[in-house]
Amino acid sequence: MRHSDRGSVTIWMLGLSLLLLVFGGLALDYWRGLALQRELASVADSAAVAAASGIDEDAYRTTGELMLDHGRSRDLATAAVEWQAVDVTSVLVDVQPALVQVTLTAEVELGLLGVFVDQGEPLIVRATASATPVLIP
């Protein structure tokens, strides 16, 4: 080994360790985002099903038409999200006469990757689910 090559392995190992640290942080934050998205999808699905049970009973009794009560459906969806205690930044409930759509939005806190990227723009995760009211005889 020549005298000028001494320490080059140490420099290479430090560089590779730093690269491994960056990719590890990226993978960890990516999986954290995926896990949160799956959780939001589950909560949005249950909230949509709960909101779809908000049938306008008076309209059904008088006309026989299956319609949703807007206020009742929104309240049921919001209660379902709150009951599951998920930290969301916004809950959007769109109630139509025979369809309800729930959209949940949350932010992922960056871990190790937050050291290398701007924290001013958080990672946003969104999930949407829809349901329709169904009467089972």
# chains A, B, ... in the order shown; residues from 1 in each chain; ligands from 1
>>> residues_around(residues="Val108 of chain A", least_positions_apart="5", cutoff="9 Å", atoms="only C-alpha atoms", output="list in words")
Asp29, Arg32, Gly33, Leu36, Pro122, Leu123, Ile124 and Val125 of chain A
>>> select_by_dssp(residues="chain A", states="strand (DSSP E or B)", output="list in words")
Ile55, Leu68, Ser90, Val91, Leu92, Val93, Asp94, Val95, Gln96, Leu99, Val100, Gln101, Val102, Thr103, Leu104, Thr105, Ala106, Glu107, Val108, Leu123, Ile124, Val125, Arg126, Ala127, Thr128, Ala129, Ser130 and Ala131 of chain A
>>> residues_around(residues="Ala79 of chain A", least_positions_apart="4", cutoff="9 Å", atoms="only C-alpha atoms", output="JSON, numbers by chain")
{"A": [47, 50, 74, 75, 83, 84]}
>>> write_last_selection(atoms="C-alpha atoms", output="PDB file, in the first residue's frame")
ATOM      1  CA  ALA A  47     -66.993   7.111   8.599  1.00  0.00           C
ATOM      2  CA  ALA A  50     -71.678   5.493   9.375  1.00  0.00           C
ATOM      3  CA  ARG A  74     -72.312  14.807   8.550  1.00  0.00           C
ATOM      4  CA  ASP A  75     -72.735  14.373  12.298  1.00  0.00           C
ATOM      5  CA  TRP A  83     -64.350   8.131  18.037  1.00  0.00           C
ATOM      6  CA  GLN A  84     -61.352   6.494  16.367  1.00  0.00           C
TER       7      GLN A  84
END
>>> atom_distance(atom1="atom CA of Gly24 of chain A", atom2="atom CA of Thr128 of chain A")
29.4 Å
>>> residues_around(residues="Thr105 of chain A", least_positions_apart="6", cutoff="9 Å", atoms="only C-alpha atoms", output="number ranges by chain")
A: 40, 88-92, 124-128
